[in-house]
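**Student:** This is the structure I want to talk about, given as structure tokens.
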Amino acid sequence: MTVSNSPAIDRDWLGLKNRVAVVTGAAGGIGGEIARELAAAGCLVALLDRDEAGAAAIAAEIAQTGANAIGIHCDITDPDNVAAAADIVATRLGPCRILVNNAATLYADALMNIKLEKWNQLLAVNLGGALLCAQAFGRQMIAAGGGSMVHLGSISGSLPQPYSGAYSVSKAGLGMLSQLLTVELGGDGIRSNVVSPAMIRTPLSEVIYQNPEVLRRREEIAPARRIGTTRDIAEAVLFLASDRSSYISGQDLKIDGGLNQAWLSLIPRPGFEKKDTE
Ligand SMILES: NC(=O)c1ccc[n+]([C@@H]2O[C@H](COP(=O)([O-])OP(=O)(O)OC[C@H]3O[C@@H](n4cnc5c(N)ncnc54)[C@H](O)[C@@H]3O)[C@@H](O)[C@H]2O)c1
């Protein structure tokens with residue numbers, strides 16, 4: 001899934017050279033790819049994750065390409081951890097100008113069963129952690145004259161995903177957090193946007209796609225007729241992180257191969273059923 005540094009891609013148009021970028025959850029499938037792509041575009045990248053070894057391994061892989069990347073252990077639910085990570089970033093790379101709030105967790109359960117403790121734990125990561133990072137790295141952006149925040153939402157933030165416990169709720173809340181950041185920090189030169197993926201093939205979700213029938217049915221339901229890749233997400237994040245999107249703020253970009261538009265095609269129309277699924 002590593003696709004960075006392809007000579008066919010011109011990333012200079014993004015104007016990201018030497019910009020300091022922080023990616024949370026960077027040891028994961030999507031976060032790792034975003035970090036690789038930011039580095040390939042010339043950013044100095046800090047990879048934050050509670051999985052210290054995972055973040056360090058990807059940082060080392062990026063450094064092999066000649067780019068500047070550091071892995072930092074950080075549990076984003078811990079204010080002291082986040083403050084310490086922010087200090088390391090400022091000292092070793094400079095003030096953060098790009099924050100990618102990507103770290104998240106998913107605990108599946110029915111609303112009738114879920115324990116409040118589990119509910120709160122998930123919100124502490126997916127929502128509270130995003131706020132703590134926006135505060136710590138937002139302060140650096142304010143002092144540096146501006147920046148861009150990109151938060152990883154999900155289409156389940158706008159469409160209820162049953163039995164996902166607090167996950168859908170957390171992603172809906174993240175969307176409002178981003179809109180509030182847009183309004184409260186816009187005057188400081190900070191933009192805030194969400195990208196909302198659906199059906200992305202990552203090491204985490206790979207087990208789902210190992211089942212050929214599930215793969216076929218998931219491919220069939222998306223108008224793009226394929227499962228998304230981490231690269232699909234990273235490209236959009238880079239655009240929103242860069243000044244090429246300098247008048248875009250408070251938006252939620254759905255990266256779902258058109259899935260959100262497909263619901264009415266599920267309703268059979270006599271004479272066209274076959275065409276709809278071909
Ligand atoms: N994969 C998909 O299909 C999909 C779909 C919609 C949205 N998303 C969103 O994209 C983002 C990345 O997803 P992914 O599939 O790469 O997941 P992933 O599980 O591969 O990566 C998540 C990373 O976050 C880290 N993390 C979790 N809790 C943390 C904490 N408290 N502090 C620091 N790090 C923590 C994990 O260690 C992991 O490395 C998430 O926000 C997820 O909700 C993914």
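Labels for the structure tokens follow display order: chains A, B, ..., residues from 1 in each chain, ligands from 1.
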What's around region 96-100 of chain A at 7 Å? Count only C-alpha atoms, leave out sequence neighbours fewer than 6 positions away in its own chain, and write the answer as a list in words.
**Tutor:**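 Here the qualifying residues turn out to be Arg19, Val20, Ala21, Val22, Val23, Thr24, Ala90, Phe137, Gln140, Met141, Gly146, Gly147, Ser148, Met149, Val150, His151 and Ala241 of chain A.
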**Student:** Grab me every residue within 7 Å of ligand 1, counting only C-alpha atoms and all ligand atoms, and send it over as a PyMOL selection string.
**Tutor:** chain A and resi 24-31+48-51+74-77+102-105+125+129+152-155+196-205
**Student:** Can you pull out every residue from region 77-248 of chain A that DSSP, working from the backbone, puts in strand (DSSP E or B), and format the result as a ChimeraX atom specification?
**Tutor:** /A:98-101,147-152,190-197,200,228
**Student:** Go ahead and dump the residues you just picked, C-alpha atoms, as a PDB file, in the first residue's frame.
**Tutor:**
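Result file out.pdb:
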```pdb
ATOM      1  CA  ILE A  98      -0.826  21.333   9.461  1.00  0.00           C
ATOM      2  CA  LEU A  99      -2.724  19.091  11.870  1.00  0.00           C
ATOM      3  CA  VAL A 100      -4.315  15.877  10.643  1.00  0.00           C
ATOM      4  CA  ASN A 101      -6.625  14.609  13.389  1.00  0.00           C
ATOM      5  CA  GLY A 147      -2.503  26.770   9.380  1.00  0.00           C
ATOM      6  CA  SER A 148      -4.819  24.023   8.260  1.00  0.00           C
ATOM      7  CA  MET A 149      -6.573  21.329  10.262  1.00  0.00           C
ATOM      8  CA  VAL A 150      -7.994  18.255   8.556  1.00  0.00           C
ATOM      9  CA  HIS A 151     -10.053  15.832  10.624  1.00  0.00           C
ATOM     10  CA  LEU A 152     -10.818  12.240   9.620  1.00  0.00           C
ATOM     11  CA  ILE A 190      -6.628  28.731  10.431  1.00  0.00           C
ATOM     12  CA  ARG A 191      -8.893  26.613   8.271  1.00  0.00           C
ATOM     13  CA  SER A 192     -10.597  23.426   9.410  1.00  0.00           C
ATOM     14  CA  ASN A 193     -12.121  20.721   7.221  1.00  0.00           C
ATOM     15  CA  VAL A 194     -13.243  17.116   7.477  1.00  0.00           C
ATOM     16  CA  VAL A 195     -12.670  14.275   5.065  1.00  0.00           C
ATOM     17  CA  SER A 196     -15.180  11.480   5.475  1.00  0.00           C
ATOM     18  CA  PRO A 197     -14.064   8.131   4.067  1.00  0.00           C
ATOM     19  CA  ILE A 200     -11.246   2.025   2.677  1.00  0.00           C
ATOM     20  CA  GLY A 228     -11.234   2.906  -1.654  1.00  0.00           C
TER      21      GLY A 228
END
```
**Student:** For region 63-72 of chain A, please output as an NGL selection string all residues within 10 Å (counting only C-alpha atoms; exclusion window: fewer than 6 positions along the same chain).
**Tutor:** :A and (4-5 or 18 or 20-24 or 26-27 or 35-36 or 38-57 or 81 or 84-86 or 88-89 or 92-93)
**Student:** Mind the document's chain letters and residue numbers, and return as a CSV table (one decimal) with N, CA and C atoms, in the first residue's frame the residues of region 116-223 of chain A that DSSP labels helix (DSSP H, G or I).
**Tutor:**
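As written to disk, out.csv reads:
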```
chain,number,residue,atom,x,y,z
A,116,LEU,N,-21.7,2.7,29.6
A,116,LEU,CA,-21.3,4.1,29.6
A,116,LEU,C,-19.8,4.3,29.6
A,117,GLU,N,-19.1,3.4,30.3
A,117,GLU,CA,-17.7,3.4,30.3
A,117,GLU,C,-17.1,3.3,28.9
A,118,LYS,N,-17.6,2.4,28.1
A,118,LYS,CA,-17.1,2.1,26.8
A,118,LYS,C,-17.5,3.3,25.9
A,119,TRP,N,-18.7,3.8,26.1
A,119,TRP,CA,-19.2,5.0,25.3
A,119,TRP,C,-18.2,6.2,25.5
A,120,ASN,N,-17.9,6.4,26.8
A,120,ASN,CA,-17.1,7.6,27.2
A,120,ASN,C,-15.6,7.4,26.7
A,121,GLN,N,-15.2,6.1,26.8
A,121,GLN,CA,-13.8,5.8,26.3
A,121,GLN,C,-13.6,6.2,24.8
A,122,LEU,N,-14.6,5.8,24.0
A,122,LEU,CA,-14.5,6.1,22.6
A,122,LEU,C,-14.6,7.6,22.3
A,123,LEU,N,-15.5,8.3,23.0
A,123,LEU,CA,-15.6,9.7,22.8
A,123,LEU,C,-14.4,10.4,23.2
A,124,ALA,N,-13.7,9.9,24.3
A,124,ALA,CA,-12.5,10.5,24.7
A,124,ALA,C,-11.4,10.5,23.7
A,125,VAL,N,-11.4,9.4,22.8
A,125,VAL,CA,-10.4,9.3,21.8
A,125,VAL,C,-10.8,10.1,20.6
A,126,ASN,N,-12.0,9.8,20.0
A,126,ASN,CA,-12.4,10.3,18.7
A,126,ASN,C,-12.8,11.8,18.8
A,127,LEU,N,-13.2,12.2,19.9
A,127,LEU,CA,-13.7,13.6,20.0
A,127,LEU,C,-12.8,14.4,21.0
A,128,GLY,N,-12.6,13.9,22.2
A,128,GLY,CA,-11.8,14.7,23.1
A,128,GLY,C,-10.4,14.8,22.7
A,129,GLY,N,-9.8,13.7,22.1
A,129,GLY,CA,-8.5,13.7,21.6
A,129,GLY,C,-8.3,14.7,20.5
A,130,ALA,N,-9.3,14.8,19.6
A,130,ALA,CA,-9.2,15.7,18.5
A,130,ALA,C,-9.2,17.2,19.0
A,131,LEU,N,-10.0,17.4,20.1
A,131,LEU,CA,-10.0,18.8,20.7
A,131,LEU,C,-8.7,19.1,21.3
A,132,LEU,N,-8.1,18.2,22.1
A,132,LEU,CA,-6.8,18.4,22.7
A,132,LEU,C,-5.8,18.8,21.7
A,133,CYS,N,-5.7,18.0,20.6
A,133,CYS,CA,-4.7,18.3,19.6
A,133,CYS,C,-5.0,19.6,18.9
A,134,ALA,N,-6.3,19.9,18.6
A,134,ALA,CA,-6.6,21.2,18.0
A,134,ALA,C,-6.1,22.3,18.9
A,135,GLN,N,-6.3,22.1,20.2
A,135,GLN,CA,-5.9,23.2,21.1
A,135,GLN,C,-4.3,23.4,21.1
A,136,ALA,N,-3.6,22.2,21.3
A,136,ALA,CA,-2.2,22.3,21.5
A,136,ALA,C,-1.5,22.8,20.2
A,137,PHE,N,-1.9,22.2,19.0
A,137,PHE,CA,-1.3,22.5,17.8
A,137,PHE,C,-1.9,23.8,17.2
A,138,GLY,N,-3.1,24.1,17.5
A,138,GLY,CA,-3.8,25.3,17.1
A,138,GLY,C,-3.0,26.5,17.6
A,139,ARG,N,-2.6,26.4,18.9
A,139,ARG,CA,-1.8,27.5,19.5
A,139,ARG,C,-0.6,27.8,18.7
A,140,GLN,N,0.1,26.7,18.3
A,140,GLN,CA,1.3,26.9,17.5
A,140,GLN,C,1.0,27.6,16.1
A,141,MET,N,-0.1,27.2,15.5
A,141,MET,CA,-0.6,27.8,14.3
A,141,MET,C,-0.9,29.3,14.4
A,142,ILE,N,-1.6,29.6,15.5
A,142,ILE,CA,-1.9,31.0,15.8
A,142,ILE,C,-0.6,31.8,15.9
A,143,ALA,N,0.3,31.3,16.6
A,143,ALA,CA,1.6,32.0,16.8
A,143,ALA,C,2.4,32.2,15.5
A,144,ALA,N,2.2,31.1,14.6
A,144,ALA,CA,2.9,31.1,13.3
A,144,ALA,C,2.2,31.9,12.2
A,155,ILE,N,-18.3,8.6,6.7
A,155,ILE,CA,-19.7,8.8,6.3
A,155,ILE,C,-20.7,8.4,7.4
A,156,SER,N,-20.2,7.6,8.4
A,156,SER,CA,-21.1,7.3,9.5
A,156,SER,C,-21.3,8.5,10.4
A,157,GLY,N,-20.7,9.6,10.1
A,157,GLY,CA,-21.0,10.8,10.9
A,157,GLY,C,-22.2,11.5,10.4
A,167,TYR,N,-19.5,5.3,17.9
A,167,TYR,CA,-18.6,5.8,16.7
A,167,TYR,C,-19.3,6.8,15.8
A,168,SER,N,-20.5,6.5,15.4
A,168,SER,CA,-21.2,7.4,14.5
A,168,SER,C,-21.4,8.8,15.2
A,169,VAL,N,-21.8,8.7,16.5
A,169,VAL,CA,-22.0,9.9,17.3
A,169,VAL,C,-20.7,10.7,17.4
A,170,SER,N,-19.6,10.0,17.6
A,170,SER,CA,-18.3,10.7,17.7
A,170,SER,C,-17.9,11.4,16.4
A,171,LYS,N,-18.2,10.8,15.3
A,171,LYS,CA,-17.9,11.4,14.0
A,171,LYS,C,-18.8,12.5,13.6
A,172,ALA,N,-20.1,12.4,14.1
A,172,ALA,CA,-21.0,13.6,13.9
A,172,ALA,C,-20.5,14.8,14.7
A,173,GLY,N,-20.0,14.5,15.9
A,173,GLY,CA,-19.5,15.5,16.8
A,173,GLY,C,-18.2,16.1,16.2
A,174,LEU,N,-17.4,15.3,15.6
A,174,LEU,CA,-16.2,15.8,15.0
A,174,LEU,C,-16.5,16.8,13.9
A,175,GLY,N,-17.5,16.5,13.2
A,175,GLY,CA,-17.9,17.5,12.1
A,175,GLY,C,-18.3,18.8,12.7
A,176,MET,N,-19.0,18.8,13.8
A,176,MET,CA,-19.4,20.1,14.4
A,176,MET,C,-18.2,20.8,15.0
A,177,LEU,N,-17.3,20.0,15.6
A,177,LEU,CA,-16.0,20.6,16.2
A,177,LEU,C,-15.3,21.3,15.1
A,178,SER,N,-15.2,20.6,13.9
A,178,SER,CA,-14.5,21.3,12.8
A,178,SER,C,-15.1,22.6,12.4
A,179,GLN,N,-16.4,22.6,12.3
A,179,GLN,CA,-17.1,23.8,11.9
A,179,GLN,C,-16.9,24.9,13.0
A,180,LEU,N,-16.9,24.5,14.2
A,180,LEU,CA,-16.7,25.5,15.3
A,180,LEU,C,-15.3,26.1,15.2
A,181,LEU,N,-14.3,25.2,14.9
A,181,LEU,CA,-12.9,25.6,14.8
A,181,LEU,C,-12.8,26.6,13.6
A,182,THR,N,-13.5,26.3,12.5
A,182,THR,CA,-13.6,27.2,11.4
A,182,THR,C,-13.9,28.6,11.8
A,183,VAL,N,-15.0,28.7,12.6
A,183,VAL,CA,-15.5,30.0,12.9
A,183,VAL,C,-14.7,30.7,14.0
A,184,GLU,N,-14.2,29.9,15.0
A,184,GLU,CA,-13.5,30.5,16.1
A,184,GLU,C,-12.1,30.9,15.7
A,185,LEU,N,-11.5,30.1,14.8
A,185,LEU,CA,-10.0,30.3,14.5
A,185,LEU,C,-9.8,30.9,13.1
A,186,GLY,N,-10.9,31.2,12.3
A,186,GLY,CA,-10.7,31.7,11.0
A,186,GLY,C,-10.0,33.0,11.0
A,187,GLY,N,-10.2,33.9,12.0
A,187,GLY,CA,-9.5,35.2,12.0
A,187,GLY,C,-8.0,35.0,12.3
A,188,ASP,N,-7.6,33.9,12.8
A,188,ASP,CA,-6.2,33.6,13.0
A,188,ASP,C,-5.5,32.9,11.8
A,206,GLU,N,-8.7,-5.2,6.4
A,206,GLU,CA,-8.4,-6.2,5.4
A,206,GLU,C,-9.1,-7.5,5.6
A,207,VAL,N,-9.4,-7.8,6.8
A,207,VAL,CA,-10.0,-9.1,7.2
A,207,VAL,C,-11.4,-9.2,6.5
A,208,ILE,N,-12.1,-8.0,6.4
A,208,ILE,CA,-13.4,-8.0,5.8
A,208,ILE,C,-13.3,-8.3,4.3
A,209,TYR,N,-12.2,-7.8,3.7
A,209,TYR,CA,-12.1,-7.9,2.2
A,209,TYR,C,-11.5,-9.3,1.8
A,212,PRO,N,-14.4,-13.1,-0.4
A,212,PRO,CA,-14.7,-12.6,-1.7
A,212,PRO,C,-16.1,-12.2,-1.9
A,213,GLU,N,-17.1,-12.8,-1.2
A,213,GLU,CA,-18.5,-12.4,-1.4
A,213,GLU,C,-18.7,-11.0,-0.8
A,214,VAL,N,-18.2,-10.7,0.3
A,214,VAL,CA,-18.3,-9.4,1.0
A,214,VAL,C,-17.6,-8.3,0.1
A,215,LEU,N,-16.5,-8.7,-0.5
A,215,LEU,CA,-15.7,-7.8,-1.4
A,215,LEU,C,-16.6,-7.4,-2.6
A,216,ARG,N,-17.2,-8.5,-3.2
A,216,ARG,CA,-18.0,-8.3,-4.4
A,216,ARG,C,-19.2,-7.4,-4.1
A,217,ARG,N,-19.9,-7.7,-3.0
A,217,ARG,CA,-21.1,-6.9,-2.7
A,217,ARG,C,-20.7,-5.4,-2.3
A,218,ARG,N,-19.6,-5.2,-1.7
A,218,ARG,CA,-19.2,-3.9,-1.3
A,218,ARG,C,-18.8,-3.1,-2.6
A,219,GLU,N,-18.1,-3.8,-3.5
A,219,GLU,CA,-17.7,-3.1,-4.7
A,219,GLU,C,-18.9,-2.7,-5.5
A,220,GLU,N,-19.9,-3.6,-5.5
A,220,GLU,CA,-21.1,-3.4,-6.3
A,220,GLU,C,-21.9,-2.2,-5.8
A,221,ILE,N,-21.9,-2.0,-4.5
A,221,ILE,CA,-22.8,-0.9,-4.0
A,221,ILE,C,-22.3,0.5,-4.2
```
**Student:** Could you tell me how far CA of Leu106 (chain A) lies from CA of Gln161 (chain A), in Å and to one decimal?
**Tutor:** 11.6 Å
